[in-house]
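File shown: work-v1.txt (compact mmCIF, C-alpha atoms and all ligand atoms).
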# COMPACT_ATOMS: atom_id res chain seq x y z
CA MET A 602 -128.18 28.36 -37.09
CA PHE A 603 -125.07 28.50 -39.19
CA ILE A 604 -123.16 31.73 -39.10
CA ASN A 605 -122.15 31.20 -42.73
CA GLY A 606 -125.35 29.40 -43.64
CA GLY A 607 -126.98 31.94 -45.91
CA ARG A 608 -125.71 33.88 -48.86
CA GLY A 609 -127.26 37.30 -49.15
CA GLY A 610 -127.55 39.50 -52.19
CA GLU A 611 -128.48 37.32 -55.12
CA SER A 612 -129.09 40.43 -57.24
CA ARG A 613 -127.12 40.36 -60.47
CA VAL A 614 -127.13 44.18 -60.76
CA LEU A 615 -123.52 45.16 -61.25
CA TYR A 616 -122.05 48.46 -60.15
CA ARG A 617 -118.67 50.08 -59.59
CA ARG A 618 -117.28 51.02 -56.20
CA ARG A 619 -114.45 53.32 -57.17
CA GLU A 620 -114.44 55.05 -53.79
CA THR A 621 -112.88 52.07 -51.99
CA MET A 622 -111.59 49.67 -54.62
CA SER A 623 -108.08 49.76 -56.03
CA GLU A 624 -108.12 51.44 -59.40
CA GLY A 625 -106.92 48.34 -61.27
CA LEU A 626 -109.74 46.25 -59.85
CA ALA A 627 -112.36 48.87 -60.66
CA ARG A 628 -111.00 49.19 -64.20
CA GLU A 629 -110.84 45.47 -64.92
CA TYR A 630 -113.87 44.12 -63.08
CA GLU A 631 -117.42 45.18 -62.46
CA ILE A 632 -118.23 44.53 -58.83
CA GLY A 633 -121.56 42.88 -58.04
CA ALA A 634 -123.65 41.61 -55.15
CA GLU A 635 -122.26 40.52 -51.81
CA ILE A 636 -121.92 36.75 -51.33
CA GLY A 637 -120.77 36.69 -47.73
CA ARG A 638 -118.64 38.27 -45.02
CA GLY A 639 -115.66 37.11 -43.03
CA ARG A 640 -114.00 38.67 -40.00
CA PHE A 641 -111.94 41.13 -42.02
CA GLY A 642 -113.88 41.82 -45.14
CA VAL A 643 -116.42 40.91 -47.70
CA VAL A 644 -116.74 38.55 -50.67
CA ARG A 645 -118.66 39.79 -53.72
CA ARG A 646 -119.43 38.57 -57.20
CA CYS A 647 -117.51 40.33 -59.95
CA ARG A 648 -117.31 40.19 -63.74
CA SER A 649 -114.30 40.68 -65.98
CA ALA A 650 -114.84 43.81 -68.09
CA GLU A 651 -112.80 42.18 -70.85
CA THR A 652 -114.25 38.66 -71.06
CA GLY A 653 -117.54 38.89 -69.16
CA GLU A 654 -116.45 35.89 -67.05
CA GLU A 655 -117.74 35.85 -63.47
CA PHE A 656 -115.50 35.57 -60.41
CA ALA A 657 -115.62 36.23 -56.68
CA VAL A 658 -113.60 39.09 -55.18
CA LYS A 659 -112.53 38.83 -51.56
CA SER A 660 -111.83 42.32 -50.17
CA ILE A 661 -109.99 42.64 -46.88
CA GLU A 662 -110.36 45.90 -44.99
CA LYS A 663 -106.91 46.57 -43.54
CA ARG A 664 -108.11 48.73 -40.64
CA LEU A 665 -109.89 45.67 -39.18
CA LEU A 666 -106.55 43.90 -38.82
CA ALA A 667 -105.75 45.22 -35.35
CA ASP A 668 -103.81 42.16 -34.19
CA GLU A 669 -100.21 41.69 -35.39
CA LEU A 670 -100.75 37.99 -36.23
CA ASP A 671 -103.92 38.81 -38.23
CA ARG A 672 -102.03 41.54 -40.10
CA GLU A 673 -99.18 39.17 -40.96
CA CYS A 674 -101.62 36.48 -42.13
CA ALA A 675 -103.58 38.93 -44.32
CA GLU A 676 -100.42 40.33 -45.86
CA ARG A 677 -99.32 36.83 -46.81
CA GLU A 678 -102.72 35.48 -47.92
CA GLY A 679 -102.32 36.22 -51.65
CA LYS A 680 -98.78 34.83 -51.78
CA ARG A 681 -99.59 31.64 -49.86
CA HIS A 682 -102.79 31.14 -51.81
CA ARG A 683 -100.95 31.43 -55.15
CA GLN A 684 -98.26 29.05 -53.93
CA ALA A 685 -100.85 26.44 -52.90
CA ALA A 686 -103.39 26.92 -55.68
CA ALA A 687 -101.66 27.12 -59.08
CA GLY A 688 -102.66 23.92 -60.87
CA ASN A 689 -103.97 22.32 -57.66
CA PRO A 690 -107.36 20.97 -58.86
CA TYR A 691 -108.94 20.86 -55.41
CA VAL A 692 -108.03 24.41 -54.36
CA VAL A 693 -109.89 27.64 -55.29
CA GLN A 694 -107.82 29.37 -57.97
CA ILE A 695 -106.65 32.95 -57.56
CA HIS A 696 -106.84 35.05 -60.73
CA ALA A 697 -105.63 38.50 -59.69
CA ALA A 698 -104.66 40.56 -56.64
CA TYR A 699 -104.94 44.30 -56.05
CA GLU A 700 -104.04 46.46 -53.12
CA ASP A 701 -104.32 50.05 -51.98
CA GLY A 702 -103.81 51.73 -48.62
CA GLU A 703 -107.13 50.58 -47.19
CA TRP A 704 -108.01 47.34 -48.99
CA ALA A 705 -106.46 44.14 -50.34
CA HIS A 706 -108.51 42.35 -53.02
CA LEU A 707 -108.19 38.81 -54.33
CA VAL A 708 -110.08 37.77 -57.46
CA LEU A 709 -111.02 34.09 -57.09
CA ASP A 710 -113.00 31.32 -58.80
CA LEU A 711 -116.69 31.97 -58.15
CA LEU A 712 -118.00 29.03 -56.11
CA ASP A 713 -121.53 29.83 -55.09
CA ALA A 714 -122.85 26.30 -54.56
CA PRO A 715 -123.59 25.44 -50.90
CA ASP A 716 -120.38 24.88 -48.92
CA LEU A 717 -119.79 21.73 -46.83
CA CYS A 718 -121.19 23.43 -43.72
CA ASP A 719 -124.44 24.15 -45.57
CA ARG A 720 -124.50 20.64 -47.02
CA ILE A 721 -124.14 19.02 -43.60
CA ALA A 722 -126.84 21.32 -42.16
CA ALA A 723 -129.22 20.69 -45.07
CA ARG A 724 -129.29 16.99 -44.21
CA GLY A 725 -130.79 17.77 -40.80
CA GLY A 726 -128.64 15.28 -38.92
CA THR A 727 -128.63 12.49 -41.51
CA PRO A 728 -125.01 11.49 -42.09
CA PHE A 729 -123.56 11.15 -45.58
CA SER A 730 -123.11 7.58 -46.79
CA GLU A 731 -119.56 6.27 -46.52
CA PRO A 732 -118.98 6.25 -50.32
CA GLU A 733 -120.12 9.91 -50.48
CA ALA A 734 -117.96 10.77 -47.47
CA ALA A 735 -114.92 8.95 -48.89
CA VAL A 736 -115.07 10.99 -52.10
CA MET A 737 -115.20 14.27 -50.13
CA VAL A 738 -112.50 13.31 -47.64
CA GLY A 739 -110.35 11.94 -50.48
CA HIS A 740 -110.60 15.17 -52.45
CA LEU A 741 -109.97 17.26 -49.35
CA ALA A 742 -106.89 15.13 -48.60
CA GLU A 743 -105.73 15.60 -52.23
CA ALA A 744 -106.04 19.38 -51.77
CA VAL A 745 -104.16 19.37 -48.47
CA ALA A 746 -101.48 16.89 -49.60
CA GLU A 747 -100.70 19.08 -52.62
CA CYS A 748 -100.51 22.20 -50.40
CA HIS A 749 -98.10 20.31 -48.12
CA ARG A 750 -95.96 19.18 -51.08
CA ARG A 751 -95.60 22.87 -51.87
CA GLY A 752 -94.65 23.72 -48.29
CA VAL A 753 -97.91 25.46 -47.35
CA ALA A 754 -100.05 24.58 -44.32
CA HIS A 755 -103.65 25.85 -44.57
CA ARG A 756 -104.22 26.06 -40.77
CA ASP A 757 -108.00 26.65 -41.00
CA VAL A 758 -109.47 23.51 -42.60
CA LYS A 759 -113.18 23.41 -41.68
CA PRO A 760 -116.50 22.78 -43.46
CA ASP A 761 -117.02 26.52 -44.08
CA ASN A 762 -113.83 26.60 -46.14
CA VAL A 763 -114.75 23.55 -48.22
CA LEU A 764 -116.54 24.92 -51.29
CA PHE A 765 -117.83 23.19 -54.43
CA ASP A 766 -117.92 24.25 -58.07
CA ALA A 767 -120.95 23.98 -60.34
CA SER A 768 -120.03 20.39 -61.25
CA GLY A 769 -119.75 19.42 -57.57
CA ARG A 770 -115.94 19.29 -57.42
CA LEU A 771 -114.56 20.13 -53.98
CA LYS A 772 -112.36 23.25 -53.66
CA LEU A 773 -110.48 24.21 -50.51
CA ALA A 774 -110.77 27.98 -49.89
CA ASP A 775 -109.57 30.75 -47.58
CA PHE A 776 -105.80 30.85 -47.23
CA GLY A 777 -106.05 33.74 -44.77
CA SER A 778 -104.37 31.64 -42.06
CA ALA A 779 -101.96 29.73 -44.32
CA GLU A 780 -98.26 29.59 -43.53
CA CYS A 781 -95.08 28.22 -45.10
CA PHE A 782 -93.36 25.43 -43.21
CA VAL A 783 -90.24 25.09 -45.38
CA ASP A 784 -87.54 27.67 -45.95
CA ALA A 785 -85.80 28.66 -49.19
CA ASP A 786 -83.43 25.67 -48.84
CA GLY A 787 -86.36 23.27 -48.46
CA ASP A 788 -85.69 22.72 -44.75
CA TRP A 789 -88.66 22.19 -42.43
CA VAL A 790 -89.48 25.27 -40.35
CA PRO A 791 -91.82 24.93 -37.38
CA MET A 792 -94.87 27.19 -37.18
CA ARG A 793 -96.15 29.08 -34.15
CA GLY A 794 -99.22 31.00 -33.08
CA ILE A 795 -102.78 30.11 -32.16
CA VAL A 796 -104.42 30.21 -35.57
CA GLY A 797 -107.58 28.46 -36.76
CA THR A 798 -111.07 27.79 -35.41
CA PRO A 799 -111.49 26.28 -31.91
CA MET A 800 -113.43 23.14 -32.83
CA TYR A 801 -111.05 22.19 -35.64
CA VAL A 802 -107.71 23.25 -34.22
CA ALA A 803 -105.12 20.60 -33.28
CA PRO A 804 -104.02 20.12 -29.64
CA GLU A 805 -100.42 21.14 -30.36
CA VAL A 806 -101.64 24.53 -31.66
CA ILE A 807 -103.51 25.20 -28.42
CA SER A 808 -100.54 24.11 -26.33
CA GLY A 809 -98.58 27.11 -27.60
CA ARG A 810 -95.72 24.89 -28.77
CA GLU A 811 -94.22 24.88 -32.24
CA TYR A 812 -96.12 22.73 -34.69
CA GLY A 813 -96.05 21.38 -38.23
CA GLU A 814 -98.31 20.80 -41.21
CA LYS A 815 -100.06 17.82 -39.61
CA VAL A 816 -102.35 20.35 -37.89
CA ASP A 817 -104.28 20.22 -41.18
CA VAL A 818 -104.68 16.44 -40.92
CA TRP A 819 -106.18 16.84 -37.44
CA SER A 820 -108.68 19.39 -38.82
CA MET A 821 -109.53 17.04 -41.70
CA GLY A 822 -110.17 14.32 -39.10
CA VAL A 823 -112.67 16.61 -37.35
CA VAL A 824 -114.36 17.29 -40.70
CA MET A 825 -114.52 13.57 -41.53
CA TYR A 826 -115.99 12.77 -38.11
CA MET A 827 -118.69 15.43 -38.61
CA ILE A 828 -119.54 14.22 -42.12
CA LEU A 829 -120.15 10.72 -40.76
CA ALA A 830 -121.90 11.90 -37.58
CA GLY A 831 -124.54 14.16 -39.17
CA GLY A 832 -122.70 17.30 -38.05
CA VAL A 833 -121.85 16.27 -34.48
CA PRO A 834 -118.25 17.32 -33.73
CA PRO A 835 -115.78 15.12 -31.83
CA PHE A 836 -114.60 17.84 -29.41
CA TYR A 837 -116.70 20.77 -28.30
CA GLY A 838 -117.80 22.80 -25.31
CA GLU A 839 -120.25 25.59 -24.56
CA THR A 840 -117.52 28.24 -24.86
CA ALA A 841 -114.31 28.54 -26.88
CA ALA A 842 -112.34 27.87 -23.67
CA GLU A 843 -114.29 24.65 -23.00
CA THR A 844 -113.82 23.59 -26.61
CA PHE A 845 -110.05 24.16 -26.28
CA GLU A 846 -110.07 22.02 -23.11
CA ALA A 847 -111.91 19.22 -24.93
CA VAL A 848 -109.47 19.40 -27.87
CA ALA A 849 -106.48 19.40 -25.51
CA ARG A 850 -107.81 16.25 -23.78
CA ALA A 851 -108.29 14.69 -27.25
CA ASN A 852 -110.51 12.01 -25.79
CA LEU A 853 -111.91 10.60 -29.03
CA ARG A 854 -115.17 8.67 -28.72
CA PHE A 855 -117.54 7.10 -31.19
CA PRO A 856 -120.92 7.17 -29.39
CA PRO A 857 -122.68 3.94 -30.48
CA ARG A 858 -125.98 5.76 -31.03
CA ILE A 859 -124.29 7.81 -33.79
CA PHE A 860 -121.54 5.49 -35.02
CA ARG A 861 -123.10 2.04 -34.69
CA SER A 862 -123.26 1.51 -38.45
CA VAL A 863 -120.04 3.31 -39.38
CA SER A 864 -117.44 0.84 -40.68
CA PRO A 865 -114.34 -0.10 -38.66
CA ALA A 866 -112.23 1.17 -41.58
CA ALA A 867 -113.74 4.66 -41.33
CA LYS A 868 -113.21 4.75 -37.56
CA ASP A 869 -109.65 3.53 -38.01
CA LEU A 870 -108.88 6.41 -40.38
CA ILE A 871 -110.48 8.96 -38.04
CA ARG A 872 -108.36 7.60 -35.15
CA ARG A 873 -105.20 7.97 -37.22
CA MET A 874 -106.09 11.56 -38.11
CA LEU A 875 -107.28 12.58 -34.63
CA CYS A 876 -104.19 11.19 -32.95
CA LYS A 877 -102.78 13.55 -30.32
CA ASP A 878 -99.27 12.15 -30.78
CA VAL A 879 -98.14 14.06 -33.86
CA SER A 880 -95.40 11.54 -34.70
CA ARG A 881 -98.06 8.80 -34.95
CA ARG A 882 -100.66 10.96 -36.68
CA PHE A 883 -101.07 10.27 -40.41
CA SER A 884 -99.73 12.69 -42.99
CA ALA A 885 -102.11 13.84 -45.75
CA GLU A 886 -100.32 11.41 -48.11
CA GLN A 887 -100.99 8.52 -45.73
CA VAL A 888 -104.66 9.50 -45.57
CA LEU A 889 -104.80 9.17 -49.35
CA ARG A 890 -103.36 5.65 -49.15
CA HIS A 891 -105.71 4.40 -46.39
CA PRO A 892 -107.97 1.51 -47.52
CA TRP A 893 -111.15 3.43 -46.63
CA ILE A 894 -110.16 6.12 -49.15
CA THR A 895 -108.76 3.79 -51.82
CA SER A 896 -111.83 1.52 -51.64
CA GLY A 897 -114.18 4.52 -51.95
CA GLY A 898 -115.57 4.06 -48.43
CA MET A 899 -117.18 0.74 -49.22
CA SER A 900 -118.85 -0.38 -46.02
CA PRO A 901 -121.44 -3.08 -45.32
CA VAL A 902 -124.10 -0.44 -44.60
CA ASP A 903 -124.91 2.00 -47.35
CA GLU A 904 -128.31 3.16 -46.11
CA PRO A 905 -128.45 6.74 -44.77
CA ARG A 906 -128.30 6.56 -40.99
CA ARG A 907 -130.39 8.74 -38.71
CA ASP A 908 -129.97 8.94 -35.00
CA PRO A 909 -133.46 9.07 -33.49
CA SER A 910 -132.15 9.72 -29.98
CA LEU A 911 -130.61 13.08 -30.91
CA SER A 912 -133.21 15.86 -31.06
CA MET A 913 -133.14 18.46 -33.82
CA GLU A 914 -132.60 21.20 -31.22
CA ARG A 915 -129.54 19.38 -29.90
CA ARG A 916 -128.19 18.89 -33.41
CA GLU A 917 -128.79 22.54 -34.34
CA GLY A 918 -127.04 23.60 -31.15
CA ILE A 919 -124.07 21.49 -32.06
CA LEU A 920 -124.12 22.46 -35.73
CA SER A 921 -124.20 26.16 -34.86
CA LEU A 922 -120.69 25.65 -33.51
CA CYS A 923 -119.60 24.82 -37.03
CA THR A 924 -117.80 28.14 -37.42
N1 LIG A 1001 -114.46 31.97 -54.08
C1 LIG A 1001 -115.64 32.09 -53.47
N2 LIG A 1001 -116.79 31.95 -54.16
C2 LIG A 1001 -117.98 32.08 -53.52
N3 LIG A 1001 -118.12 32.32 -52.20
C3 LIG A 1001 -117.01 32.47 -51.47
C4 LIG A 1001 -115.71 32.37 -52.05
N4 LIG A 1001 -114.79 32.56 -51.07
C5 LIG A 1001 -115.49 32.77 -49.93
N5 LIG A 1001 -116.81 32.72 -50.17
C6 LIG A 1001 -117.88 32.90 -49.18
O1 LIG A 1001 -117.79 34.20 -48.64
C7 LIG A 1001 -118.00 34.19 -47.23
C8 LIG A 1001 -116.84 34.86 -46.50
O2 LIG A 1001 -115.65 34.13 -46.76
P1 LIG A 1001 -114.26 34.51 -46.10
O3 LIG A 1001 -113.26 33.53 -46.60
O4 LIG A 1001 -113.97 35.96 -46.29
O5 LIG A 1001 -114.50 34.43 -44.59
P2 LIG A 1001 -114.82 33.23 -43.60
O6 LIG A 1001 -114.04 32.02 -44.00
O7 LIG A 1001 -116.30 33.06 -43.53
O8 LIG A 1001 -114.36 33.78 -42.23
P3 LIG A 1001 -112.93 34.18 -41.71
O9 LIG A 1001 -112.86 35.64 -41.85
O10 LIG A 1001 -112.97 33.73 -40.30
O11 LIG A 1001 -111.89 33.45 -42.52
C9 LIG A 1001 -118.23 32.74 -46.85
O12 LIG A 1001 -119.63 32.50 -46.81
C10 LIG A 1001 -117.64 31.95 -47.99
O13 LIG A 1001 -118.29 30.72 -48.21

Here is a file; write its structure as structure tokens.
Ligand SMILES: Nc1ncnc2c1ncn2[C@@H]1O[C@H](COP(=O)(O)OP(=O)(O)OP(=O)(O)O)[C@@H](O)[C@H]1O
Amino acid sequence: MFINGGRGGESRVLYRRRETMSEGLAREYEIGAEIGRGRFGVVRRCRSAETGEEFAVKSIEKRLLADELDRECAEREGKRHRQAAAGNPYVVQIHAAYEDGEWAHLVLDLLDAPDLCDRIAARGGTPFSEPEAAVMVGHLAEAVAECHRRGVAHRDVKPDNVLFDASGRLKLADFGSAECFVDADGDWVPMRGIVGTPMYVAPEVISGREYGEKVDVWSMGVVMYMILAGGVPPFYGETAAETFEAVARANLRFPPRIFRSVSPAAKDLIRRMLCKDVSRRFSAEQVLRHPWITSGGMSPVDEPRRDPSLSMERREGILSLCT
């Protein structure tokens, strides 16, 4: 089962939570039902008292940030998110931020359509067609390329953080791990720290060395692989440690029983994204220029592919690693 698979609290009853919310937030928004929870807080629906427009409010409980790195990331989330999002059509927009001693709140676009993790799971192991996949990967690469142009690395690209608006447009969310990789003079600054989610994290992050923004391209490569493989990830193990070992080995395979009808162009792009050698790995801009993306994923086989040799239990086991 997906950890983020369900969204509880569909009730539209709105109420105020003055006891914990910053006063400005409580004054300007009516806080509604819970949408979901992350490690450090909760996301709820909210409604502008002035316009009646609906948003999501992500509330981070500061006392849960025990680790120094988590605290730093949370403190910077609003700033990095603003830097990456303003006018970036494929990134969740941030509308307001509030803070008090106990909580930090970000008011965001409300995106309550199923996220990419849910969409992959809902297909029960049937991969997306290549044209469908190329649109999603192209939009995700647009989002990431624009973040990188602005000097922000997301550092936690994964299906759970790929949301969609009511019209189906992809929106990259959750800048809780984002970091700047350029300084005030525009010079490249390496990043450090093991940040991200084991199955999606790049080998250079695990190695403990300094790394750059191409960690996001690696994670996009994992997402693309999973979209075309019905949710099966390229590198995984039974435990986080085993997953890290598999990622560090970076032994990329395309099992014929899953990938037999995937086009050579799609596999070529995945190889260029999941390339352990960072200097040879594509940038997000290069992903956008790859023929598989520019041709809209046109491949000889457009029929949905199902792998009969992979049992549902096996798939669910693999898919549950999504987060
Ligand atoms: N703008 C939004 N609109 C609607 N739902 C959202 C929005 N942002 C996040 N969510 C949902 O709220 C839930 C929690 O999201 P959040 O970003 O806090 O944590 P997470 O990404 O699940 O975990 P982590 O704490 O590891 O980052 C998820 O189910 C997510 O899809």

Go through chain A and flag each residue having an atom no more than 9 Å from ligand LIG 1001 (chain A); for those, report the closest pair of atoms plus their distance in Å to one decimal, using only C-alpha atoms and all ligand atoms, ordered by chain and rising number, as a tab-separated table.
residue	atom	partner	partner_atom	distance
A:Ile604	CA	A:LIG1001	O7	8.3
A:Asn605	CA	A:LIG1001	O12	5.0
A:Gly606	CA	A:LIG1001	O12	7.2
A:Gly607	CA	A:LIG1001	O12	7.4
A:Arg608	CA	A:LIG1001	O12	6.6
A:Glu635	CA	A:LIG1001	O1	8.4
A:Ile636	CA	A:LIG1001	O1	5.5
A:Gly637	CA	A:LIG1001	C7	3.8
A:Arg638	CA	A:LIG1001	C8	4.1
A:Gly639	CA	A:LIG1001	O5	3.3
A:Arg640	CA	A:LIG1001	O9	3.7
A:Phe641	CA	A:LIG1001	O9	5.6
A:Gly642	CA	A:LIG1001	O4	6.0
A:Val643	CA	A:LIG1001	O4	5.7
A:Val644	CA	A:LIG1001	O1	4.9
A:Arg645	CA	A:LIG1001	O1	7.6
A:Arg646	CA	A:LIG1001	C2	7.6
A:Phe656	CA	A:LIG1001	N2	7.3
A:Ala657	CA	A:LIG1001	N2	5.1
A:Val658	CA	A:LIG1001	N1	7.3
A:Lys659	CA	A:LIG1001	O4	6.2
A:Ser660	CA	A:LIG1001	O4	7.8
A:Ile661	CA	A:LIG1001	O4	7.8
A:Val693	CA	A:LIG1001	N1	6.4
A:Gln694	CA	A:LIG1001	N1	8.1
A:Ile695	CA	A:LIG1001	N1	8.6
A:Val708	CA	A:LIG1001	N1	8.0
A:Leu709	CA	A:LIG1001	N1	5.0
A:Asp710	CA	A:LIG1001	N1	5.0
A:Leu711	CA	A:LIG1001	N2	4.0
A:Leu712	CA	A:LIG1001	N2	3.7
A:Asp713	CA	A:LIG1001	C2	4.5
A:Ala714	CA	A:LIG1001	C2	7.6
A:Pro715	CA	A:LIG1001	O13	8.0
A:Asp716	CA	A:LIG1001	O13	6.2
A:Asp757	CA	A:LIG1001	O11	8.0
A:Lys759	CA	A:LIG1001	O6	9.0
A:Asp761	CA	A:LIG1001	O13	6.0
A:Asn762	CA	A:LIG1001	O6	5.8
A:Val763	CA	A:LIG1001	O13	8.0
A:Leu764	CA	A:LIG1001	O13	6.8
A:Phe765	CA	A:LIG1001	N2	8.8
A:Asp766	CA	A:LIG1001	N2	8.7
A:Lys772	CA	A:LIG1001	N1	9.0
A:Ala774	CA	A:LIG1001	N4	6.2
A:Asp775	CA	A:LIG1001	O3	4.7
A:Phe776	CA	A:LIG1001	O3	8.0
A:Gly777	CA	A:LIG1001	O11	6.3
A:Ser778	CA	A:LIG1001	O11	7.7
A:Gly797	CA	A:LIG1001	O10	8.3
A:Thr798	CA	A:LIG1001	O10	7.9
A:Thr924	CA	A:LIG1001	O10	7.9

Residue nearest A:Val692 among A:Glu673, A:Gly897, A:Glu743, A:Gly832 (counting all atoms listed in the file):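 Under the stated criterion, the closest residue is A:Glu743.
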
Return as CSV the residues of stretch 661-742 of chain A lying at most 9 Å from stretch 808-827 of chain A, together with the closest atom-to-atom pair for each and the distance in Å to one decimal, counting only C-alpha atoms, with rows in chain order and ascending residue number.
residue,atom,partner,partner_atom,distance
A:Ile721,CA,A:Met827,CA,8.2
A:Pro728,CA,A:Met827,CA,8.2
A:Ala734,CA,A:Met825,CA,7.4
A:Ala735,CA,A:Met825,CA,8.7
A:Met737,CA,A:Met825,CA,8.7
A:Val738,CA,A:Met825,CA,6.4
A:Leu741,CA,A:Met821,CA,7.7
A:Ala742,CA,A:Met821,CA,7.6

Among listed residues A:Gly752, A:Glu780, A:Lys663, A:Ala634, nearest A:Glu678 (using only C-alpha atoms): A:Glu780

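Comparing the minimum interatomic distances between A:Glu629 and each of A:Ile894, A:Ala698, A:Leu665, A:Leu773, counting only C-alpha atoms, we find that A:Ala698 sits nearest.
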
Between atom CA of A:Leu889 and atom CA of A:Trp789 - distance in Å to one decimal: 21.9 Å

One-decimal distance in Å that lies between atom CA of A:Arg882 and atom CA of A:Ser862: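 Atom-to-atom, atom CA of A:Ser862 to atom CA of A:Arg882, that is 24.6 Å.
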
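With all atoms listed in the file as the basis for measurement, A:Ala705 is the residue among A:Cys718, A:Ala705, A:Arg854, A:Thr895 that approaches A:Arg672 most closely.
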
Residue nearest A:Gly739 - candidates A:His682, A:Glu662, A:Arg770, A:Pro791, atoms counted: all atoms listed in the file: A:Arg770

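Atom CA of A:Ala867 is found 10.9 Å from atom CA of A:Ser896.
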
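Using only C-alpha atoms, the smallest distance between any of A:Ala650, A:Ile795, A:Ala697, A:Met899 and A:Tyr630 comes from A:Ala650.
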
Surrounding residues of A:Cys748 excluding itself and chain neighbours under 6 positions, 10 Å, only C-alpha atoms, as a PDB file with C-alpha atoms, in the coordinates of the input:
ATOM      1  CA  ARG A 681     -99.590  31.640 -49.860  1.00  0.00           C
ATOM      2  CA  HIS A 682    -102.790  31.140 -51.810  1.00  0.00           C
ATOM      3  CA  GLN A 684     -98.260  29.050 -53.930  1.00  0.00           C
ATOM      4  CA  ALA A 685    -100.850  26.440 -52.900  1.00  0.00           C
ATOM      5  CA  ALA A 686    -103.390  26.920 -55.680  1.00  0.00           C
ATOM      6  CA  ASN A 689    -103.970  22.320 -57.660  1.00  0.00           C
ATOM      7  CA  TYR A 691    -108.940  20.860 -55.410  1.00  0.00           C
ATOM      8  CA  VAL A 692    -108.030  24.410 -54.360  1.00  0.00           C
ATOM      9  CA  ALA A 742    -106.890  15.130 -48.600  1.00  0.00           C
ATOM     10  CA  ALA A 754    -100.050  24.580 -44.320  1.00  0.00           C
ATOM     11  CA  HIS A 755    -103.650  25.850 -44.570  1.00  0.00           C
ATOM     12  CA  ALA A 779    -101.960  29.730 -44.320  1.00  0.00           C
ATOM     13  CA  CYS A 781     -95.080  28.220 -45.100  1.00  0.00           C
ATOM     14  CA  GLU A 814     -98.310  20.800 -41.210  1.00  0.00           C
ATOM     15  CA  ALA A 885    -102.110  13.840 -45.750  1.00  0.00           C
TER      16      ALA A 885
END
